[in-house]
$ cat final-v7.pdb   # PDB, C-alpha atoms
ATOM      1  CA  MET A 511     -85.887-127.624  78.796
ATOM      2  CA  LEU A 512     -85.383-124.258  77.109
ATOM      3  CA  TRP A 513     -89.155-123.812  76.769
ATOM      4  CA  LYS A 514     -89.637-124.783  80.425
ATOM      5  CA  ALA A 515     -86.899-122.375  81.547
ATOM      6  CA  GLN A 516     -88.498-119.513  79.643
ATOM      7  CA  LYS A 517     -92.014-120.390  80.838
ATOM      8  CA  GLU A 518     -90.811-120.361  84.451
ATOM      9  CA  GLY A 519     -89.057-117.011  83.968
ATOM     10  CA  LEU A 520     -85.565-118.410  84.453
ATOM     11  CA  VAL A 521     -84.419-117.184  81.039
ATOM     12  CA  GLN A 522     -85.729-115.021  78.241
ATOM     13  CA  PHE A 523     -85.036-115.344  74.527
ATOM     14  CA  GLU A 524     -85.493-112.825  71.756
ATOM     15  CA  LEU A 525     -84.746-113.484  68.109
ATOM     16  CA  ILE A 526     -83.544-110.665  65.893
ATOM     17  CA  ASN A 527     -83.896-111.097  62.145
ATOM     18  CA  LEU A 528     -80.861-109.669  60.352
ATOM     19  CA  ARG A 529     -83.034-108.936  57.298
ATOM     20  CA  ASP A 530     -84.884-106.337  59.378
ATOM     21  CA  PHE A 531     -81.663-104.327  59.140
ATOM     22  CA  GLY A 532     -80.892-105.160  55.512
ATOM     23  CA  LEU A 533     -80.130-102.473  52.940
ATOM     24  CA  GLY A 534     -82.292-101.352  50.051
ATOM     25  CA  PRO A 535     -85.663-102.601  48.847
ATOM     26  CA  ARG A 536     -84.532-106.247  48.954
ATOM     27  CA  ARG A 537     -83.107-105.861  52.471
ATOM     28  CA  GLN A 538     -79.662-107.038  51.381
ATOM     29  CA  VAL A 539     -77.434-108.452  54.120
ATOM     30  CA  ASP A 540     -74.624-109.991  52.075
ATOM     31  CA  ASP A 541     -72.265-109.042  49.255
ATOM     32  CA  THR A 542     -69.206-110.333  47.402
ATOM     33  CA  PRO A 543     -65.831-109.976  49.156
ATOM     34  CA  TYR A 544     -63.336-107.325  48.130
ATOM     35  CA  GLY A 545     -60.361-108.969  46.475
ATOM     36  CA  GLY A 546     -62.494-111.662  44.883
ATOM     37  CA  GLY A 547     -63.110-115.218  45.908
ATOM     38  CA  ASP A 548     -66.042-117.560  46.173
ATOM     39  CA  GLY A 549     -69.055-117.012  48.347
ATOM     40  CA  MET A 550     -70.760-114.083  49.968
ATOM     41  CA  LEU A 551     -69.963-112.216  53.173
ATOM     42  CA  LEU A 552     -72.399-110.756  55.658
ATOM     43  CA  MET A 553     -72.183-106.988  55.350
ATOM     44  CA  VAL A 554     -70.988-104.851  58.245
ATOM     45  CA  GLU A 555     -73.853-102.284  58.157
ATOM     46  CA  PRO A 556     -76.749-104.678  58.829
ATOM     47  CA  LEU A 557     -74.720-106.644  61.369
ATOM     48  CA  VAL A 558     -73.731-103.579  63.377
ATOM     49  CA  ALA A 559     -77.271-102.157  63.166
ATOM     50  CA  ALA A 560     -78.617-105.443  64.589
ATOM     51  CA  VAL A 561     -75.994-105.455  67.370
ATOM     52  CA  GLU A 562     -76.789-101.832  68.249
ATOM     53  CA  HIS A 563     -80.505-102.695  68.317
ATOM     54  CA  ALA A 564     -79.767-105.581  70.703
ATOM     55  CA  LYS A 565     -77.558-103.298  72.855
ATOM     56  CA  LYS A 566     -80.465-100.856  73.264
ATOM     57  CA  ARG A 567     -82.619-103.706  74.567
ATOM     58  CA  LEU A 568     -79.885-105.186  76.803
ATOM     59  CA  PRO A 569     -77.134-102.575  77.268
ATOM     60  CA  GLY A 570     -74.852-104.797  79.333
ATOM     61  CA  ALA A 571     -75.158-107.920  77.202
ATOM     62  CA  LYS A 572     -71.975-109.639  76.126
ATOM     63  CA  VAL A 573     -71.867-109.943  72.305
ATOM     64  CA  ILE A 574     -70.765-113.388  71.162
ATOM     65  CA  LEU A 575     -69.908-114.209  67.553
ATOM     66  CA  MET A 576     -70.243-117.848  66.567
ATOM     67  CA  SER A 577     -67.201-118.368  64.387
ATOM     68  CA  PRO A 578     -64.101-120.513  64.035
ATOM     69  CA  SER A 579     -61.812-119.234  66.782
ATOM     70  CA  LYS A 580     -59.274-120.215  69.385
ATOM     71  CA  THR A 581     -61.972-120.316  72.056
ATOM     72  CA  VAL A 582     -63.590-123.722  71.665
ATOM     73  CA  TRP A 583     -66.751-124.176  73.708
ATOM     74  CA  ASN A 584     -66.598-126.633  76.614
ATOM     75  CA  GLN A 585     -68.408-127.549  79.831
ATOM     76  CA  GLN A 586     -66.280-125.238  81.978
ATOM     77  CA  LEU A 587     -67.204-122.239  79.813
ATOM     78  CA  ALA A 588     -70.864-123.277  79.956
ATOM     79  CA  ALA A 589     -70.674-123.313  83.754
ATOM     80  CA  GLN A 590     -68.975-119.882  83.809
ATOM     81  CA  TYR A 591     -71.613-118.388  81.536
ATOM     82  CA  ALA A 592     -74.456-119.917  83.572
ATOM     83  CA  ALA A 593     -73.020-118.670  86.853
ATOM     84  CA  SER A 594     -72.226-115.160  85.599
ATOM     85  CA  GLY A 595     -75.808-113.908  85.469
ATOM     86  CA  GLU A 596     -74.874-111.926  82.361
ATOM     87  CA  ASP A 597     -77.062-111.375  79.329
ATOM     88  CA  TYR A 598     -75.796-112.524  75.951
ATOM     89  CA  THR A 599     -76.334-111.561  72.337
ATOM     90  CA  PHE A 600     -75.323-114.240  69.837
ATOM     91  CA  ILE A 601     -74.419-113.409  66.256
ATOM     92  CA  CYS A 602     -74.899-116.301  63.878
ATOM     93  CA  GLY A 603     -72.689-116.108  60.816
ATOM     94  CA  ARG A 604     -73.733-117.286  57.361
ATOM     95  CA  TYR A 605     -72.306-117.821  53.916
ATOM     96  CA  GLU A 606     -68.538-117.434  53.631
ATOM     97  CA  GLY A 607     -68.371-115.418  56.837
ATOM     98  CA  TYR A 608     -68.707-111.781  57.827
ATOM     99  CA  ASP A 609     -67.026-108.448  57.178
ATOM    100  CA  ALA A 610     -64.029-108.392  59.552
ATOM    101  CA  ARG A 611     -64.944-104.906  60.802
ATOM    102  CA  LEU A 612     -67.729-106.550  62.824
ATOM    103  CA  GLU A 613     -65.091-107.712  65.289
ATOM    104  CA  GLU A 614     -64.891-104.169  66.679
ATOM    105  CA  PHE A 615     -68.437-104.654  68.011
ATOM    106  CA  ILE A 616     -68.149-108.070  69.656
ATOM    107  CA  ASP A 617     -66.819-109.239  72.999
ATOM    108  CA  GLU A 618     -65.873-112.803  72.189
ATOM    109  CA  LYS A 619     -65.697-115.322  69.348
ATOM    110  CA  ILE A 620     -66.664-118.906  70.113
ATOM    111  CA  SER A 621     -66.270-122.087  68.098
ATOM    112  CA  VAL A 622     -68.064-125.362  68.770
ATOM    113  CA  GLY A 623     -65.440-127.435  66.970
ATOM    114  CA  GLN A 624     -63.112-127.778  64.035
ATOM    115  CA  TYR A 625     -65.653-128.276  61.294
ATOM    116  CA  VAL A 626     -67.756-126.033  59.069
ATOM    117  CA  LEU A 627     -71.531-125.626  59.147
ATOM    118  CA  THR A 628     -73.765-123.583  56.870
ATOM    119  CA  GLY A 629     -74.535-121.076  59.583
ATOM    120  CA  GLY A 630     -74.031-120.135  63.209
ATOM    121  CA  GLU A 631     -77.558-120.964  64.345
ATOM    122  CA  LEU A 632     -76.839-124.550  65.409
ATOM    123  CA  PRO A 633     -73.633-123.611  67.267
ATOM    124  CA  ALA A 634     -75.492-120.784  69.040
ATOM    125  CA  MET A 635     -78.259-123.183  70.045
ATOM    126  CA  THR A 636     -75.628-125.623  71.314
ATOM    127  CA  VAL A 637     -74.038-122.936  73.487
ATOM    128  CA  ILE A 638     -77.406-121.669  74.725
ATOM    129  CA  ASP A 639     -78.638-125.166  75.598
ATOM    130  CA  SER A 640     -75.428-126.029  77.463
ATOM    131  CA  VAL A 641     -75.693-122.817  79.517
ATOM    132  CA  VAL A 642     -79.424-122.802  80.235
ATOM    133  CA  ARG A 643     -79.453-126.382  81.536
ATOM    134  CA  LEU A 644     -76.949-125.304  84.234
ATOM    135  CA  ILE A 645     -79.138-122.498  85.566
ATOM    136  CA  PRO A 646     -80.588-123.562  88.942
ATOM    137  CA  GLY A 647     -84.174-124.723  88.608
ATOM    138  CA  VAL A 648     -84.011-125.689  84.931
ATOM    139  CA  LEU A 649     -83.220-129.404  85.240
ATOM    140  CA  GLY A 650     -84.972-130.007  88.517
ATOM    141  CA  GLY A 651     -82.403-132.412  89.975
ATOM    142  CA  GLU A 652     -79.565-129.951  90.525
ATOM    143  CA  LYS A 653     -77.044-132.701  91.284
ATOM    144  CA  SER A 654     -77.426-134.157  87.789
ATOM    145  CA  ALA A 655     -75.699-131.149  86.234
ATOM    146  CA  GLU A 656     -72.822-131.402  88.715
ATOM    147  CA  ILE A 657     -71.960-135.065  88.226
ATOM    148  CA  GLU A 658     -72.246-135.456  84.480
ATOM    149  CA  SER A 659     -69.782-135.659  81.618
ATOM    150  CA  TYR A 660     -67.046-133.007  81.609
ATOM    151  CA  SER A 661     -68.326-131.264  84.770
ATOM    152  CA  SER A 662     -65.196-132.085  86.748
ATOM    153  CA  GLY A 663     -62.220-132.311  84.459
ATOM    154  CA  ASP A 664     -62.201-134.542  81.423
ATOM    155  CA  ASN A 665     -64.002-137.534  82.932
ATOM    156  CA  LEU A 666     -66.996-138.834  81.098
ATOM    157  CA  GLU A 667     -69.867-140.496  82.887
ATOM    158  CA  PHE A 668     -69.952-143.966  84.307
ATOM    159  CA  PRO A 669     -72.341-146.503  82.731
ATOM    160  CA  GLN A 670     -75.902-146.211  83.999
ATOM    161  CA  TYR A 671     -78.766-148.700  84.034
ATOM    162  CA  THR A 672     -82.509-148.805  84.676
ATOM    163  CA  ARG A 673     -85.259-151.452  84.524
ATOM    164  CA  PRO A 674     -85.362-154.260  83.584
ATOM    165  CA  GLU A 675     -82.637-155.811  85.693
ATOM    166  CA  ASP A 676     -81.997-158.434  82.995
ATOM    167  CA  PHE A 677     -82.448-157.575  79.314
ATOM    168  CA  ARG A 678     -81.755-160.420  76.910
ATOM    169  CA  GLY A 679     -79.120-161.834  79.214
ATOM    170  CA  MET A 680     -77.423-158.451  79.769
ATOM    171  CA  LYS A 681     -77.588-157.867  83.511
ATOM    172  CA  VAL A 682     -77.214-154.773  85.630
ATOM    173  CA  PRO A 683     -73.954-155.018  87.639
ATOM    174  CA  SER A 684     -74.815-156.500  91.033
ATOM    175  CA  VAL A 685     -73.046-153.735  92.962
ATOM    176  CA  LEU A 686     -75.643-151.248  91.674
ATOM    177  CA  LEU A 687     -78.396-153.380  93.179
ATOM    178  CA  SER A 688     -76.624-153.821  96.519
ATOM    179  CA  GLY A 689     -77.721-150.622  98.261
ATOM    180  CA  ASN A 690     -74.111-150.146  99.455
ATOM    181  CA  HIS A 691     -73.528-146.521  98.480
ATOM    182  CA  ALA A 692     -69.797-146.590  99.246
ATOM    183  CA  GLU A 693     -69.283-149.591  96.958
ATOM    184  CA  ILE A 694     -71.515-148.030  94.294
ATOM    185  CA  ALA A 695     -69.462-144.807  94.397
ATOM    186  CA  LYS A 696     -66.256-146.845  94.140
ATOM    187  CA  TRP A 697     -67.626-148.844  91.166
ATOM    188  CA  ARG A 698     -68.731-145.645  89.422
ATOM    189  CA  ALA A 699     -65.305-144.018  89.901
ATOM    190  CA  GLN A 700     -63.582-147.109  88.517
ATOM    191  CA  ASN A 701     -65.892-147.288  85.510
ATOM    192  CA  CYS A 702     -65.813-143.666  84.357
ATOM    193  CA  LYS A 703     -65.046-143.568  80.676
ATOM    194  CA  LYS A 704     -62.587-141.050  79.305
TER
END

$ encode --input "final-v7.pdb" --output "structure tokens"
Amino acid sequence: MLWKAQKEGLVQFELINLRDFGLGPRRQVDDTPYGGGDGMLLMVEPLVAAVEHAKKRLPGAKVILMSPSKTVWNQQLAAQYAASGEDYTFICGRYEGYDARLEEFIDEKISVGQYVLTGGELPAMTVIDSVVRLIPGVLGGEKSAEIESYSSGDNLEFPQYTRPEDFRGMKVPSVLLSGNHAEIAKWRAQNCKK
């Protein structure tokens, strides 16, 4: 879907390699933390240089840092981002984290959950995918994005079925075959999983 959206001009993606802004002959982007401790931190100079580069390309873009934070990504935020028409720059953390001074150059920190990954690339892709699929024209059937899991409150989807009508003795509920749209809607509302 992301490829289709870009091909049709609905979105545009640009990747920025942090190493392009690294320091010295080895293009260093990380260093040990002051005060000691395990791991490496992303350095502030390459990060800010990359953000400033992105800001030159898209001056109004909102800068999002993928990081553990109070703002946990959800469907309502995805819908807000999709509807806003804004441009976004995502910073993907690595290693033990980033120099805290980076926070002066970002607009928002977003978490995708209470667990740790090796980098921010997968969380950024999760956020991007959840936003892009809500942009009109991306999915094709615009209603599908409106009536799916988490789109209206905390309800999950109702069970869905397709052919064959009978698979190894497991049958499609008869109401779904009835053609009675009022009864189908009632059945779906009663069978939403939370």

$ atom_distance --input "final-v7.pdb" --atom1 "atom CA of Pro669 of chain A" --atom2 "atom CA of Val637 of chain A"
25.4 Å

$ resolve_selection --input "final-v7.pdb" --expression "the PyMOL selection byres ((chain A and resi 596-599) around 7)" --output "ChimeraX atom specification"
/A:570-574,594-595,600-601

$ resolve_selection --input "final-v7.pdb" --expression "the PyMOL selection byres ((chain A and resi 621) around 7)" --output "number ranges by chain"
A: 576-579, 581-583, 619-620, 622-623

$ closest_residue --input "final-v7.pdb" --among "A:Leu666, A:Val539, A:Leu568, A:Ala592" --to "Ile645 of chain A" --atoms "all atoms listed in the file"
A:Ala592

$ axis_aligned_box --input "final-v7.pdb" --around "segment 576-588 of chain A" --padding-each-side "6 Å" --output "lines of an AutoDock Vina configuration file"
center_x = -65.1
center_y = -122.7
center_z = 73.0
size_x = 23.6
size_y = 21.7
size_z = 29.9

$ residues_around --input "final-v7.pdb" --residues "Ala695 of chain A" --least-positions-apart "6" --cutoff "12 Å" --atoms "all atoms listed in the file" --output "ChimeraX atom specification"
/A:657,668,685-686,688-689,701-702

$ atom_distance --input "final-v7.pdb" --atom1 "atom CA of Ala559 of chain A" --atom2 "atom CA of Leu528 of chain A"
8.8 Å

$ closest_residue --input "final-v7.pdb" --among "A:Leu575, A:Val561, A:Val641, A:Val554" --to "Leu520 of chain A" --atoms "all atoms listed in the file"
A:Val641

$ residues_around --input "final-v7.pdb" --residues "Arg673 of chain A" --least-positions-apart "3" --cutoff "10 Å" --atoms "all atoms listed in the file" --output "NGL selection string"
:A and (676-677 or 682)

$ resolve_selection --input "final-v7.pdb" --expression "the PyMOL selection byres ((chain A and resi 612) around 10)" --output "PyMOL selection string"
chain A and resi 552-555+557-558+561+575+608-611+613-616
